[in-house]
Structure formats: C-alpha cells, structure tokens
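Chemist: See final.txt below, with compact mmCIF, C-alpha atoms.
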# COMPACT_ATOMS: atom_id res chain seq x y z
CA MET A 1 68.10 -28.61 86.56
CA SER A 2 68.48 -24.88 85.96
CA ASN A 3 65.96 -23.24 83.67
CA SER A 4 68.84 -21.42 81.97
CA ILE A 5 70.14 -24.71 80.60
CA LEU A 6 66.87 -25.21 78.74
CA LYS A 7 66.41 -21.74 77.27
CA ASP A 8 65.98 -23.29 73.82
CA LEU A 9 62.59 -24.63 74.93
CA GLU A 10 61.09 -21.22 75.65
CA ASN A 11 58.05 -20.44 73.51
CA LYS A 12 58.24 -23.77 71.67
CA ILE A 13 54.82 -25.19 70.80
CA CYS A 14 54.44 -28.62 72.38
CA VAL A 15 51.47 -30.93 71.82
CA ILE A 16 50.85 -33.81 74.22
CA THR A 17 48.41 -36.54 73.18
CA GLY A 18 46.65 -38.32 76.02
CA GLY A 19 47.11 -35.05 77.86
CA GLY A 20 44.24 -35.74 80.25
CA GLY A 21 45.93 -38.90 81.53
CA VAL A 22 48.35 -39.34 84.42
CA ILE A 23 51.59 -39.15 82.41
CA GLY A 24 50.38 -36.59 79.87
CA SER A 25 48.98 -34.14 82.41
CA HIS A 26 52.07 -34.34 84.60
CA LEU A 27 54.37 -33.70 81.65
CA ALA A 28 52.21 -30.74 80.62
CA LEU A 29 52.65 -29.28 84.10
CA GLU A 30 56.40 -29.87 84.24
CA LEU A 31 57.22 -28.72 80.72
CA SER A 32 55.20 -25.53 81.04
CA ARG A 33 57.60 -24.45 83.80
CA TYR A 34 60.30 -24.20 81.14
CA GLY A 35 58.42 -21.76 78.97
CA LEU A 36 56.85 -24.14 76.48
CA LYS A 37 53.40 -23.37 75.13
CA ILE A 38 51.37 -26.51 75.75
CA ALA A 39 48.35 -27.99 74.02
CA ILE A 40 46.90 -31.22 75.38
CA ILE A 41 44.81 -33.56 73.24
CA ASP A 42 42.25 -35.87 74.81
CA TYR A 43 39.17 -37.56 73.38
CA LYS A 44 36.99 -36.82 76.42
CA LYS A 45 35.92 -33.17 76.46
CA ASP A 46 35.10 -33.02 80.17
CA ARG A 47 38.43 -34.59 81.15
CA CYS A 48 40.35 -32.39 78.73
CA ASP A 49 38.66 -29.19 79.96
CA THR A 50 39.05 -30.12 83.61
CA CYS A 51 42.71 -31.01 83.18
CA ALA A 52 43.51 -27.87 81.18
CA ASP A 53 41.74 -25.64 83.74
CA ARG A 54 43.57 -27.29 86.65
CA LEU A 55 46.95 -26.99 84.97
CA SER A 56 46.31 -23.39 83.95
CA ARG A 57 45.53 -22.49 87.58
CA GLU A 58 48.60 -24.32 88.91
CA ILE A 59 51.11 -22.73 86.55
CA GLY A 60 49.45 -19.37 86.05
CA LYS A 61 49.38 -19.59 82.27
CA LYS A 62 47.01 -20.92 79.63
CA ILE A 63 47.03 -24.60 78.70
CA THR A 64 45.16 -25.22 75.46
CA CYS A 65 42.70 -28.14 75.40
CA ILE A 66 42.01 -29.86 72.09
CA VAL A 67 39.29 -32.51 71.96
CA ALA A 68 40.24 -35.19 69.43
CA ASN A 69 40.52 -38.97 69.25
CA VAL A 70 44.04 -40.12 68.36
CA LEU A 71 42.44 -42.87 66.26
CA ASN A 72 40.45 -40.41 64.15
CA LYS A 73 42.53 -38.65 61.50
CA GLU A 74 39.82 -36.12 60.63
CA GLU A 75 39.52 -35.04 64.26
CA LEU A 76 43.31 -34.71 64.48
CA ILE A 77 43.34 -32.55 61.34
CA GLU A 78 40.73 -30.23 62.85
CA GLY A 79 42.65 -30.22 66.13
CA LYS A 80 45.83 -29.22 64.34
CA LYS A 81 44.05 -26.30 62.69
CA GLU A 82 42.90 -25.14 66.12
CA ILE A 83 46.39 -25.46 67.60
CA ASN A 84 47.92 -23.55 64.69
CA SER A 85 45.32 -20.82 65.07
CA ILE A 86 45.78 -20.42 68.83
CA LEU A 87 49.49 -21.14 69.33
CA GLY A 88 51.24 -21.44 65.97
CA LYS A 89 53.14 -24.25 64.27
CA ILE A 90 54.02 -27.33 66.30
CA ASP A 91 57.65 -27.82 67.35
CA ILE A 92 57.37 -30.81 69.68
CA LEU A 93 54.97 -33.76 69.72
CA ILE A 94 54.80 -36.08 72.72
CA ASN A 95 52.62 -39.16 72.28
CA THR A 96 51.43 -40.39 75.67
CA ALA A 97 48.03 -41.71 74.57
CA GLY A 98 47.85 -45.46 75.09
CA GLY A 99 47.20 -48.16 77.65
CA ASN A 100 46.04 -51.70 78.33
CA ALA A 101 42.69 -53.31 79.19
CA PRO A 102 41.60 -56.44 81.08
CA GLU A 103 39.91 -57.89 77.99
CA ALA A 104 43.27 -57.86 76.15
CA SER A 105 45.04 -59.67 78.99
CA THR A 106 45.21 -63.33 79.94
CA ALA A 107 44.13 -64.45 83.39
CA THR A 108 47.11 -66.79 83.73
CA GLU A 109 50.81 -66.45 83.00
CA PHE A 110 51.13 -69.94 81.52
CA ALA A 111 48.78 -72.05 79.41
CA SER A 112 47.87 -75.59 80.40
CA SER A 113 45.27 -78.12 79.34
CA GLU A 114 43.22 -77.20 82.42
CA ASN A 115 43.02 -73.45 81.85
CA ILE A 116 42.64 -72.96 78.11
CA ALA A 117 39.88 -70.35 78.47
CA GLN A 118 42.09 -68.24 80.77
CA SER A 119 45.09 -68.39 78.46
CA PHE A 120 45.98 -67.00 75.04
CA PHE A 121 43.26 -69.15 73.46
CA GLY A 122 40.58 -67.37 75.48
CA LEU A 123 41.61 -63.84 74.52
CA ASP A 124 38.94 -61.45 73.32
CA MET A 125 40.17 -60.57 69.82
CA LYS A 126 38.24 -57.31 69.76
CA GLY A 127 39.91 -56.34 73.01
CA PHE A 128 43.31 -57.30 71.61
CA GLN A 129 42.74 -55.23 68.46
CA SER A 130 41.51 -52.27 70.50
CA VAL A 131 44.62 -52.16 72.71
CA PHE A 132 46.97 -52.71 69.78
CA ASP A 133 45.32 -49.91 67.81
CA LEU A 134 45.24 -47.53 70.76
CA ASN A 135 48.98 -47.86 71.33
CA LEU A 136 50.39 -48.20 67.82
CA MET A 137 47.87 -46.41 65.61
CA GLY A 138 47.28 -43.90 68.40
CA THR A 139 50.95 -42.98 68.06
CA LEU A 140 51.22 -43.27 64.28
CA LEU A 141 48.18 -41.17 63.31
CA PRO A 142 49.09 -38.09 65.40
CA ILE A 143 52.56 -38.14 63.84
CA THR A 144 51.17 -38.27 60.30
CA VAL A 145 49.03 -35.19 61.00
CA LEU A 146 50.77 -33.06 63.63
CA ALA A 147 54.40 -33.54 62.59
CA GLU A 148 53.71 -31.97 59.18
CA ASP A 149 54.39 -28.61 60.86
CA MET A 150 58.00 -29.72 61.37
CA ILE A 151 58.77 -30.12 57.65
CA GLY A 152 61.25 -27.43 56.64
CA ARG A 153 61.59 -26.24 60.25
CA GLY A 154 62.76 -29.27 62.21
CA GLY A 155 61.25 -30.58 65.39
CA VAL A 156 61.09 -33.34 67.96
CA ILE A 157 58.81 -36.34 68.31
CA LEU A 158 58.80 -38.31 71.56
CA ASN A 159 56.93 -41.60 71.86
CA VAL A 160 56.16 -43.75 74.89
CA SER A 161 57.34 -47.34 74.73
CA SER A 162 57.44 -49.77 77.65
CA MET A 163 59.44 -52.33 79.58
CA SER A 164 57.30 -54.84 77.73
CA ALA A 165 58.93 -53.82 74.45
CA PHE A 166 62.32 -55.07 75.68
CA LYS A 167 61.08 -58.30 77.23
CA PRO A 168 57.42 -59.19 76.64
CA LEU A 169 55.60 -59.41 79.94
CA THR A 170 53.26 -62.26 80.73
CA LYS A 171 49.48 -61.66 80.64
CA VAL A 172 49.61 -58.58 78.35
CA PRO A 173 50.20 -59.82 74.77
CA ALA A 174 48.44 -56.95 72.97
CA TYR A 175 50.17 -54.31 75.06
CA SER A 176 53.57 -55.98 74.66
CA ALA A 177 53.24 -56.38 70.90
CA SER A 178 52.03 -52.82 70.37
CA LYS A 179 54.74 -51.23 72.52
CA SER A 180 57.39 -53.28 70.74
CA ALA A 181 55.99 -51.92 67.48
CA ILE A 182 56.27 -48.36 68.85
CA SER A 183 59.97 -48.88 69.61
CA ASN A 184 60.53 -50.19 66.10
CA LEU A 185 58.51 -47.35 64.55
CA THR A 186 60.51 -44.83 66.58
CA GLN A 187 63.76 -46.11 65.11
CA TRP A 188 62.35 -46.28 61.58
CA LEU A 189 61.06 -42.72 61.73
CA ALA A 190 64.32 -41.46 63.22
CA VAL A 191 66.16 -42.67 60.13
CA HIS A 192 63.46 -41.53 57.70
CA PHE A 193 63.29 -38.01 59.17
CA ALA A 194 67.00 -37.51 59.88
CA LYS A 195 67.71 -35.40 56.79
CA ILE A 196 64.84 -33.00 57.47
CA ASN A 197 65.98 -32.36 61.05
CA ILE A 198 63.16 -34.11 62.87
CA ARG A 199 64.45 -36.15 65.80
CA VAL A 200 62.41 -39.14 67.01
CA ASN A 201 63.03 -40.87 70.33
CA ALA A 202 61.06 -42.73 72.98
CA ILE A 203 61.04 -43.30 76.70
CA ALA A 204 60.24 -46.69 78.20
CA PRO A 205 58.74 -46.08 81.65
CA GLY A 206 59.10 -48.66 84.36
CA PHE A 207 56.09 -49.69 86.36
CA LEU A 208 53.83 -46.81 87.27
CA VAL A 209 50.52 -47.57 88.95
CA THR A 210 47.87 -46.23 86.57
CA LYS A 211 44.17 -46.77 86.02
CA GLN A 212 44.94 -49.25 83.23
CA ASN A 213 47.35 -51.52 85.15
CA ARG A 214 46.22 -51.13 88.75
CA PHE A 215 44.15 -54.32 88.54
CA LEU A 216 47.31 -56.27 87.74
CA LEU A 217 49.49 -54.79 90.49
CA ILE A 218 47.27 -54.08 93.49
CA ASP A 219 44.44 -56.23 94.86
CA GLU A 220 41.26 -54.15 94.77
CA LYS A 221 39.87 -55.81 97.90
CA THR A 222 42.91 -55.77 100.19
CA ASN A 223 44.86 -52.91 98.56
CA GLU A 224 47.94 -55.11 98.94
CA LEU A 225 50.36 -55.96 96.16
CA THR A 226 49.27 -58.84 93.94
CA GLU A 227 51.73 -61.64 93.30
CA ARG A 228 52.56 -59.89 90.03
CA GLY A 229 53.15 -56.62 91.85
CA LYS A 230 55.48 -58.36 94.29
CA LYS A 231 57.44 -59.89 91.40
CA ILE A 232 57.91 -56.48 89.82
CA ILE A 233 59.17 -54.87 93.02
CA THR A 234 61.51 -57.83 93.58
CA HIS A 235 62.96 -57.35 90.09
CA THR A 236 63.28 -53.57 90.40
CA PRO A 237 66.63 -52.79 92.10
CA MET A 238 65.30 -49.45 93.39
CA GLU A 239 62.45 -51.40 95.05
CA ARG A 240 59.51 -49.14 94.21
CA PHE A 241 57.01 -48.35 91.49
CA GLY A 242 57.71 -45.26 89.42
CA ASN A 243 55.99 -41.89 89.65
CA PRO A 244 55.12 -39.57 86.75
CA GLU A 245 57.66 -37.13 88.25
CA ASP A 246 60.41 -39.63 87.45
CA LEU A 247 59.89 -39.14 83.71
CA ALA A 248 60.28 -35.37 83.46
CA GLY A 249 64.08 -35.16 83.47
CA THR A 250 64.53 -37.66 80.66
CA VAL A 251 61.76 -36.03 78.63
CA LEU A 252 63.33 -32.58 79.03
CA PHE A 253 66.66 -33.95 77.87
CA LEU A 254 65.17 -35.62 74.79
CA ILE A 255 63.10 -32.65 73.62
CA SER A 256 65.79 -30.03 74.21
CA ASP A 257 68.97 -29.11 72.33
CA MET A 258 70.97 -30.99 74.96
CA SER A 259 70.15 -34.11 72.92
CA GLU A 260 70.49 -32.57 69.46
CA PHE A 261 72.63 -35.53 68.27
CA VAL A 262 70.32 -38.14 69.79
CA THR A 263 67.70 -39.80 67.61
CA GLY A 264 66.29 -43.31 67.27
CA THR A 265 66.84 -44.26 70.89
CA VAL A 266 64.50 -45.75 73.50
CA ILE A 267 65.54 -44.80 77.03
CA PRO A 268 64.32 -46.88 79.99
CA VAL A 269 63.19 -44.92 83.04
CA ASP A 270 62.63 -47.97 85.19
CA GLY A 271 64.54 -48.09 88.45
CA GLY A 272 66.89 -50.67 86.95
CA PHE A 273 64.23 -53.24 86.00
CA ASN A 274 65.46 -53.79 82.46
CA ALA A 275 69.09 -54.16 83.56
CA TYR A 276 68.43 -56.66 86.34
CA PRO A 277 68.50 -60.40 85.47
CA GLY A 278 67.12 -61.42 88.84
CA VAL A 279 70.40 -62.73 90.32
Mind turning this structure into structure tokens?
Modeler:
Amino acid sequence: MSNSILKDLENKICVITGGGGVIGSHLALELSRYGLKIAIIDYKKDRCDTCADRLSREIGKKITCIVANVLNKEELIEGKKEINSILGKIDILINTAGGNAPEASTATEFASSENIAQSFFGLDMKGFQSVFDLNLMGTLLPITVLAEDMIGRGGVILNVSSMSAFKPLTKVPAYSASKSAISNLTQWLAVHFAKINIRVNAIAPGFLVTKQNRFLLIDEKTNELTERGKKIITHTPMERFGNPEDLAGTVLFLISDMSEFVTGTVIPVDGGFNAYPGV
C-alpha cells in the first residue's frame, strides 16, 4: 500500500493500549511508518520502556511510553495529561490490551459426571473475573478517558474482538464472554458517537500464537501442536496461524479516511476460520 494513499494519517496522535504486547508493539511499528505520532500504554514500566526504546531505534523516531494500568482510571487520566503535554490531543485510540489466563479456562471441552472439577464447575471465579475485566473494562476505561480529546474534533476508536465473539470457543468462557461484550460495545459506541464524528470499529484476529494462548495451542514439552491446535489449523482454510503482520492492513484501513463511512463493524482477520463450517 502506497504511503501517499494514507496521507491523512500523517501527524495524527495515536495511542495504543497494551503497547508492550505482541500485537500492540507491532502495530506501533507499522503505523509509525505512515507518519503517525505514537504513544504506547503498558502497565509494566520496564516492558514499556524497553519496547519504546526498541521501536524508536527501528523506525528512527520517538515512540512515547506511558506507564498506566488500563484498569485504573486515575492512572489513565495522568497518562492522558502526559500524552497531551508531549504530543497533543489524541486522534486515534487502539485498544489492544487484553488476554486470557489458564485459571479462567476449563481443562476439558465437555463436562461429564467424571470430570466436574475440570469443567465449568471447577472454574476459579477470581480468574474468570480477572480475564473478563481485563478485556472488557480494559477497553471501556481507556475510551472513557482518552477519547474525550475527540469531542468536537472527531476521531477513531479501534477495539480488538476475537473469533470467540462470533462462535464461543470451548475451554475459554471468560475470554469468549468478554470479547463478545467488546463486539457489542463497539457497535453501541458507534451509534452513540456517530453524530460527533467519532468512528468505532473492531478487528477480530484469527489465531495468533501469543504468550496467553500458547499453552492451549502448542505442547510445551514436545513443541508440537496440541489437539486443539490441530483442530484450529484444520478449520482454517489458509492452514496456518496468523502473524501480527497480518493485522496491519486492516487496521490502516479502519483508522484512515479510506473507511470514513465505516463504523460499528467487526472485521475478521482470520484466514477464513469464521467463514468455514468444516465441510
């Protein structure tokens, strides 16, 4: 894609939550190539600093690191003040903070009288609440704080949903429920913000191997695909897991003027997984 097509993005202020993670850091790198001024938010100072320094060296321009927890409104407010002071008012907000955890997952796909403790009935409720909050509230709170800059100016909000929002995946009830809520919230906000020129969309990535889901997809002892990993590849027509690089084109489209009449949509970037019924 030619940079000239995306001239409208030059000098826009873009904030990426979860910017120290795999998806967030890659998007920061890719988007900076199109002239955006990037601030990444991460709750771990060392990770945020390291990521910002690495990205700054790779692209030859400053990436701003803001240390804040997406579940702490006061920290987000202070982070916004810092962003405004360094870069200016925020034009684009990309919410990549989120994830899953083993304690919010079931050990089995199906419940039976022999495996109650490994099923839904054995879920750690604190773990469930933690994952649900991280995904949903960790998207909602940054919007309530950071998107205020867009009032009277317009702007773009991009959320990260999931395949599990379309069809809930086995073993990950908290993740599935929270990502479904993000898709619904995306549509609600798109309607609510339409008359003040704030567009709200989401991407739904296919299966990327990340720190959070690696234990479900790849056996840590053999480094071979788990049975679940094999199922996913079998049901992905393009027959591979996704890479962070696969997301950049869709993200660029949704945050640029090329999609100025697009709001309230959730776009799968999944190698055909969502479209394939298995036969």
Chemist: Please provide the set of residues having any atom within 12 Å of Ser85 (chain A), restricted to only C-alpha atoms, with same-chain residues fewer than 5 positions apart removed, written as a short mmCIF file (atom, residue, chain, number, x, y, z; two decimals) with C-alpha atoms, keeping the file's coordinate frame.
Modeler:
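What follows is the written file selection.cif:
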data_model
loop_
_atom_site.label_atom_id
_atom_site.label_comp_id
_atom_site.auth_asym_id
_atom_site.auth_seq_id
_atom_site.Cartn_x
_atom_site.Cartn_y
_atom_site.Cartn_z
CA ILE A 13 54.82 -25.19 70.80
CA ALA A 39 48.35 -27.99 74.02
CA THR A 64 45.16 -25.22 75.46
CA ILE A 66 42.01 -29.86 72.09
CA GLU A 78 40.73 -30.23 62.85
CA GLY A 79 42.65 -30.22 66.13
CA LYS A 80 45.83 -29.22 64.34
CA ILE A 90 54.02 -27.33 66.30
#
Chemist: Do you have the CA of Met163 (chain A)-CA of Leu93 (chain A) distance handy?
Modeler: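 That distance, rounded to one decimal, is 21.5 Å.
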Chemist: What does the distance between CA of Ala181 (chain A) and CA of Gly278 (chain A) come to in Å, to one decimal place?
Modeler: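 Interatomic distance here is 25.9 Å.
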Chemist: From the set A:Pro173, A:Gly88, A:Gly272, A:Gly264, which residue has the shortest atom-to-atom contact distance to Lys37 (chain A), counting only C-alpha atoms?
Modeler: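 Once distances to Lys37 (chain A) are computed over only C-alpha atoms, the minimum belongs to A:Gly88.
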Chemist: As a list in words, please: the residues near Ile198 (chain A) (cut-off 7 Å, all atoms listed in the file, same-chain neighbours under 2 positions excluded).
Modeler: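 Within the cut-off, the hits are Met150, Gly154, Gly155, Val156, Phe193, Ala194, Ile196 and Val200 of chain A.
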Chemist: Give me, please, the distance in Å between CA of Ile233 (chain A) and CA of Leu247 (chain A), quoted to one decimal.
Modeler: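 Distance between the two atoms: 18.3 Å.
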Chemist: Compile a residue-level contact table for region 144-219 of chain A against region 22-26 of chain A at a cut-off of 12 Å, reporting for every qualifying residue the shortest atom pair and its distance in Å to one decimal, with all atoms listed in the file counted, rows ordered by chain and ascending number, as JSON lines.
Modeler:
{"residue": "A:Leu158", "atom": "CA", "partner": "A:Gly24", "partner_atom": "CA", "distance": 12.0}
{"residue": "A:Asn159", "atom": "CA", "partner": "A:Gly24", "partner_atom": "CA", "distance": 11.5}
{"residue": "A:Val160", "atom": "CA", "partner": "A:Ile23", "partner_atom": "CA", "distance": 9.9}
{"residue": "A:Ile203", "atom": "CA", "partner": "A:Ile23", "partner_atom": "CA", "distance": 11.8}
{"residue": "A:Pro205", "atom": "CA", "partner": "A:Ile23", "partner_atom": "CA", "distance": 10.0}
{"residue": "A:Leu208", "atom": "CA", "partner": "A:Ile23", "partner_atom": "CA", "distance": 9.3}
{"residue": "A:Val209", "atom": "CA", "partner": "A:Val22", "partner_atom": "CA", "distance": 9.6}
{"residue": "A:Thr210", "atom": "CA", "partner": "A:Val22", "partner_atom": "CA", "distance": 7.2}
{"residue": "A:Lys211", "atom": "CA", "partner": "A:Val22", "partner_atom": "CA", "distance": 8.7}
{"residue": "A:Gln212", "atom": "CA", "partner": "A:Val22", "partner_atom": "CA", "distance": 10.5}
Chemist: Given all atoms listed in the file as the basis, pick out the residue of A:Ala177, A:Val172, A:Cys65, A:Ile157 nearest to Tyr43 (chain A).
Modeler: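 Looking at the shortest contact to Tyr43 (chain A), the residue is A:Cys65.
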Chemist: Identify, on the basis of all atoms listed in the file, every residue whose closest approach to region 45-61 of chain A does not exceed 12 Å; exclude the query and any residue fewer than 6 positions from it along the same chain; express the result as a PyMOL selection string.
Modeler: chain A and resi 16-22+24-39+67-69
Chemist: Quick one: of A:Ser180, A:Glu239, A:Asn100, A:Ala117, who's nearest to Pro168 (chain A), counting all atoms listed in the file?
Modeler: A:Ser180
Chemist: Could you check the closest approach to Thr234 (chain A) for each of A:Phe273, A:Leu217, A:Thr108, A:Asn197 and tell me which residue wins, using all atoms listed in the file?
Modeler: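 Answer, going by the shortest atom-to-atom distance: A:Phe273.
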Chemist: So which residues touch Ser259 (chain A) within 12 Å, counting only C-alpha atoms, skipping near sequence neighbours fewer than 6 positions away, as an mmCIF file with C-alpha atoms, in the coordinates of the input?
Modeler:
data_model
loop_
_atom_site.group_PDB
_atom_site.id
_atom_site.type_symbol
_atom_site.label_atom_id
_atom_site.label_comp_id
_atom_site.auth_asym_id
_atom_site.auth_seq_id
_atom_site.Cartn_x
_atom_site.Cartn_y
_atom_site.Cartn_z
ATOM 1 C CA LEU A 6 66.870 -25.210 78.740
ATOM 2 C CA ASP A 8 65.980 -23.290 73.820
ATOM 3 C CA VAL A 156 61.090 -33.340 67.960
ATOM 4 C CA ARG A 199 64.450 -36.150 65.800
ATOM 5 C CA VAL A 200 62.410 -39.140 67.010
ATOM 6 C CA ASN A 201 63.030 -40.870 70.330
ATOM 7 C CA THR A 250 64.530 -37.660 80.660
ATOM 8 C CA VAL A 251 61.760 -36.030 78.630
ATOM 9 C CA LEU A 252 63.330 -32.580 79.030
ATOM 10 C CA PHE A 253 66.660 -33.950 77.870
ATOM 11 C CA THR A 265 66.840 -44.260 70.890
#
Chemist: Closest to Ile267 (chain A) among A:Ser162, A:Asn213, A:Asn115, A:Thr236, using all atoms listed in the file?
Modeler: A:Ser162
Chemist: So, with all atoms listed in the file as the atoms that count, which of A:Ile151, A:Met258, A:Ala97, A:Leu146 lies closest to Lys81 (chain A)?
Modeler: A:Leu146
Chemist: Counting all atoms listed in the file, which residues sit no farther than 9 Å from the position (47.2, -42.0, 66.7) in the file's frame? I'd like them as a PyMOL selection string.
Modeler: chain A and resi 17+69-73+76+95+97+133-144
